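Text of final-v9.txt, listed as compact mmCIF, C-alpha atoms:
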```
# COMPACT_ATOMS: atom_id res chain seq x y z
CA MET A 865 7.14 -7.62 22.64
CA PRO A 866 3.76 -6.14 21.71
CA ARG A 867 2.21 -3.83 24.28
CA SER A 868 -1.07 -4.74 25.95
CA GLY A 869 -4.07 -4.06 23.72
CA TRP A 870 -1.87 -3.93 20.60
CA VAL A 871 -3.48 -5.27 17.43
CA PRO A 872 -1.43 -6.06 14.32
CA SER A 873 -2.33 -3.98 11.29
CA ILE A 874 -4.15 -5.59 8.38
CA VAL A 875 -3.42 -2.55 6.22
CA PRO A 876 -1.08 -3.21 3.29
CA SER A 877 2.40 -1.86 3.91
CA THR A 878 3.08 -1.04 0.27
CA ASP A 879 2.38 2.29 -1.39
CA GLN A 880 -0.54 1.25 -3.53
CA THR A 881 -4.17 2.15 -3.84
CA VAL A 882 -6.46 -0.65 -2.71
CA TYR A 883 -10.10 -1.02 -3.77
CA LEU A 884 -12.53 -3.09 -1.70
CA VAL A 885 -16.08 -4.03 -2.63
CA ALA A 886 -18.95 -4.29 -0.17
CA ASP A 887 -21.32 -7.01 -1.34
CA ASP A 888 -24.89 -7.88 -0.33
CA PHE A 889 -25.48 -11.59 0.22
CA GLY A 890 -29.20 -11.21 0.84
CA PRO A 891 -30.49 -13.02 3.92
CA ILE A 892 -26.99 -13.81 5.22
CA GLY A 893 -25.98 -10.15 5.26
CA ARG A 894 -23.49 -7.71 3.82
CA ALA A 895 -19.70 -7.88 3.96
CA TRP A 896 -16.53 -6.48 2.53
CA ARG A 897 -15.31 -9.09 0.08
CA GLU A 898 -12.07 -10.82 0.89
CA ALA A 899 -9.43 -10.34 -1.81
CA ASP A 900 -5.80 -11.14 -2.46
CA LEU A 901 -3.61 -8.05 -2.16
CA GLU A 902 -2.63 -8.42 -5.82
CA ALA A 903 -6.32 -8.42 -6.82
CA THR A 904 -7.30 -5.11 -5.24
CA ASP A 905 -6.14 -2.76 -7.98
CA LEU A 906 -8.75 -0.76 -9.89
CA GLU A 907 -8.55 -2.69 -13.16
CA THR A 908 -8.87 -6.09 -11.47
CA VAL A 909 -11.85 -4.98 -9.38
CA ILE A 910 -13.67 -3.64 -12.46
CA ARG A 911 -12.88 -6.79 -14.46
CA GLU A 912 -14.11 -9.03 -11.63
CA MET A 913 -17.31 -7.01 -11.28
CA LEU A 914 -18.01 -7.38 -15.00
CA ALA A 915 -17.20 -11.10 -14.81
CA GLY A 916 -19.88 -11.63 -12.15
CA GLU A 917 -17.59 -12.22 -9.17
CA PHE A 918 -19.85 -10.17 -6.89
CA THR A 919 -23.39 -11.11 -5.86
CA SER A 920 -24.85 -7.63 -5.47
CA PRO A 921 -22.21 -4.94 -4.94
CA ILE A 922 -23.20 -2.05 -2.69
CA ARG A 923 -20.18 0.24 -2.80
CA VAL A 924 -16.48 0.39 -3.60
CA ILE A 925 -13.99 2.11 -1.35
CA GLY A 926 -10.51 3.10 -2.46
CA PHE A 927 -7.72 3.86 -0.02
CA ASN A 928 -4.00 4.45 0.08
CA THR A 929 -2.49 4.44 3.55
CA ALA A 930 0.90 5.73 2.37
CA GLU A 931 -0.81 8.82 0.94
CA GLY A 932 -3.27 8.98 3.85
CA TRP A 933 -6.61 8.97 2.05
CA SER A 934 -9.74 6.90 1.56
CA GLU A 935 -12.77 7.61 -0.59
CA ASP A 936 -16.04 6.11 -1.74
CA VAL A 937 -15.35 5.60 -5.47
CA SER A 938 -18.66 3.88 -6.24
CA GLU A 939 -19.89 6.58 -8.59
CA ASP A 940 -16.68 6.53 -10.64
CA ILE A 941 -16.75 2.73 -10.80
CA ALA A 942 -20.42 2.71 -11.85
CA HIS A 943 -19.73 5.15 -14.69
CA GLU A 944 -16.74 3.06 -15.82
CA LEU A 945 -18.80 -0.15 -15.76
CA GLN A 946 -21.47 1.53 -17.89
CA ARG A 947 -18.84 2.95 -20.27
CA ARG A 948 -17.23 -0.44 -20.83
CA CYS A 949 -20.58 -2.12 -21.44
CA ASP A 950 -21.50 0.65 -23.92
CA LEU A 951 -18.21 0.17 -25.77
CA GLU A 952 -18.86 -3.56 -26.05
CA ALA A 953 -22.51 -2.90 -27.01
CA ILE A 954 -23.73 -5.14 -24.19
CA ASP A 955 -26.14 -4.62 -21.32
CA VAL A 956 -24.78 -4.06 -17.85
CA PRO A 957 -24.76 -7.50 -16.16
CA SER A 958 -27.90 -8.05 -14.09
CA ALA A 959 -25.91 -8.34 -10.83
CA LEU A 960 -24.55 -4.82 -11.46
CA GLU A 961 -27.71 -3.08 -12.68
CA ALA A 962 -28.80 -1.84 -9.24
CA PHE A 963 -25.24 -0.73 -8.38
CA VAL A 964 -24.89 1.27 -11.60
CA GLU A 965 -28.37 2.80 -11.27
CA ARG A 966 -27.86 3.73 -7.60
CA HIS A 967 -24.47 5.38 -8.14
CA THR A 968 -25.14 7.12 -11.46
CA GLY A 969 -28.66 8.23 -10.59
CA GLY A 970 -29.78 6.94 -13.96
CA ARG A 971 -27.70 9.63 -15.68
CA ARG A 972 -25.63 8.26 -18.48
CA GLN A 973 -23.96 9.39 -21.59
CA LEU A 974 -23.71 6.89 -24.38
CA THR A 975 -20.14 6.02 -25.22
CA LEU A 976 -19.56 5.63 -28.92
CA ARG A 977 -16.82 3.47 -30.32
CA LEU A 978 -14.74 5.14 -32.99
CA VAL A 979 -13.93 2.86 -35.86
```
Rendering of file as structure tokens:
Amino acid sequence: MPRSGWVPSIVPSTDQTVYLVADDFGPIGRAWREADLEATDLETVIREMLAGEFTSPIRVIGFNTAEGWSEDVSEDIAHELQRRCDLEAIDVPSALEAFVERHTGGRRQLTLRLV
């Protein structure tokens, strides 16, 4: 029987790193986006950001409860988004422009594709 004041954990019980995106919905506010546990890995989050799944991302937090850490990974994600767009020779999607600019400080190094 749960003790008084006990709250069940919403933290994943598996040893995996989870990435959550805070999104800005304009006049209705900001929120951490709900995601399936299987869709919180780094590659899926980056793919979904590039596909336009987020309105106006603010930051990305990575955490692993089994290893006991959490970190704001927004800068790393922003650089990776820019790198992938450079490799594809496309502009950063408009919904991600402010995110990339804010977390890279406008610093970028062009990524060249080797043929």
Need to verify the contact set: Glu965 of chain A, 12 Å, all atoms listed in the file, exclusion of same-chain residues closer than 2 positions in sequence. Can you return it as number ranges by chain?
A: 921-922, 938-939, 941-943, 945-946, 956-963, 967-972
Atom CA of Asp888 of chain A to atom CA of Asn928 of chain A, distance in Å rounded to a single decimal:
24.3 Å
I want to know what sits within 9 Å of Thr904 of chain A, based on all atoms listed in the file, with residues of the same chain fewer than 2 positions away left out; could you give that as JSON, numbers by chain?
{"A": [881, 882, 883, 884, 899, 900, 901, 902, 906, 907, 908, 909]}
Suppose you want the space between atom CA of Phe889 of chain A and atom CA of Ala953 of chain A; what is it in Å?
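Computing it gives 28.7 Å between the two atoms.
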Atom CA of Ile910 of chain A and atom CA of Pro891 of chain A, how far apart in Å?
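So the answer is 25.3 Å.
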How would segment 948-963 of chain A look with N, CA and C atoms restored, written as a compact mmCIF listing (two decimals), in the coordinates of the input?
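Saved file out02.txt follows:
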```
# COMPACT_ATOMS: atom_id res chain seq x y z
N ARG A 948 -17.78 0.77 -20.21
CA ARG A 948 -17.23 -0.44 -20.83
C ARG A 948 -18.32 -1.30 -21.48
N CYS A 949 -19.46 -1.37 -20.85
CA CYS A 949 -20.58 -2.12 -21.44
C CYS A 949 -21.05 -1.43 -22.73
N ASP A 950 -21.11 -0.10 -22.72
CA ASP A 950 -21.50 0.65 -23.92
C ASP A 950 -20.51 0.38 -25.06
N LEU A 951 -19.22 0.40 -24.75
CA LEU A 951 -18.21 0.17 -25.77
C LEU A 951 -18.31 -1.22 -26.38
N GLU A 952 -18.70 -2.19 -25.57
CA GLU A 952 -18.86 -3.56 -26.05
C GLU A 952 -20.25 -3.82 -26.62
N ALA A 953 -21.12 -2.80 -26.54
CA ALA A 953 -22.51 -2.90 -27.01
C ALA A 953 -23.24 -4.05 -26.32
N ILE A 954 -23.05 -4.12 -24.99
CA ILE A 954 -23.73 -5.14 -24.19
C ILE A 954 -24.46 -4.45 -23.05
N ASP A 955 -25.44 -5.14 -22.49
CA ASP A 955 -26.14 -4.62 -21.32
C ASP A 955 -25.26 -4.78 -20.09
N VAL A 956 -25.45 -3.91 -19.13
CA VAL A 956 -24.78 -4.06 -17.85
C VAL A 956 -25.25 -5.38 -17.26
N PRO A 957 -24.34 -6.22 -16.76
CA PRO A 957 -24.76 -7.50 -16.16
C PRO A 957 -25.82 -7.28 -15.09
N SER A 958 -26.76 -8.20 -15.01
CA SER A 958 -27.90 -8.05 -14.09
C SER A 958 -27.47 -7.85 -12.64
N ALA A 959 -26.38 -8.49 -12.21
CA ALA A 959 -25.91 -8.34 -10.83
C ALA A 959 -25.39 -6.93 -10.55
N LEU A 960 -25.09 -6.17 -11.62
CA LEU A 960 -24.55 -4.82 -11.46
C LEU A 960 -25.56 -3.72 -11.75
N GLU A 961 -26.72 -4.09 -12.28
CA GLU A 961 -27.71 -3.08 -12.68
C GLU A 961 -28.07 -2.14 -11.53
N ALA A 962 -28.39 -2.67 -10.37
CA ALA A 962 -28.80 -1.84 -9.24
C ALA A 962 -27.64 -0.95 -8.78
N PHE A 963 -26.43 -1.49 -8.77
CA PHE A 963 -25.24 -0.73 -8.38
C PHE A 963 -25.05 0.46 -9.32
```
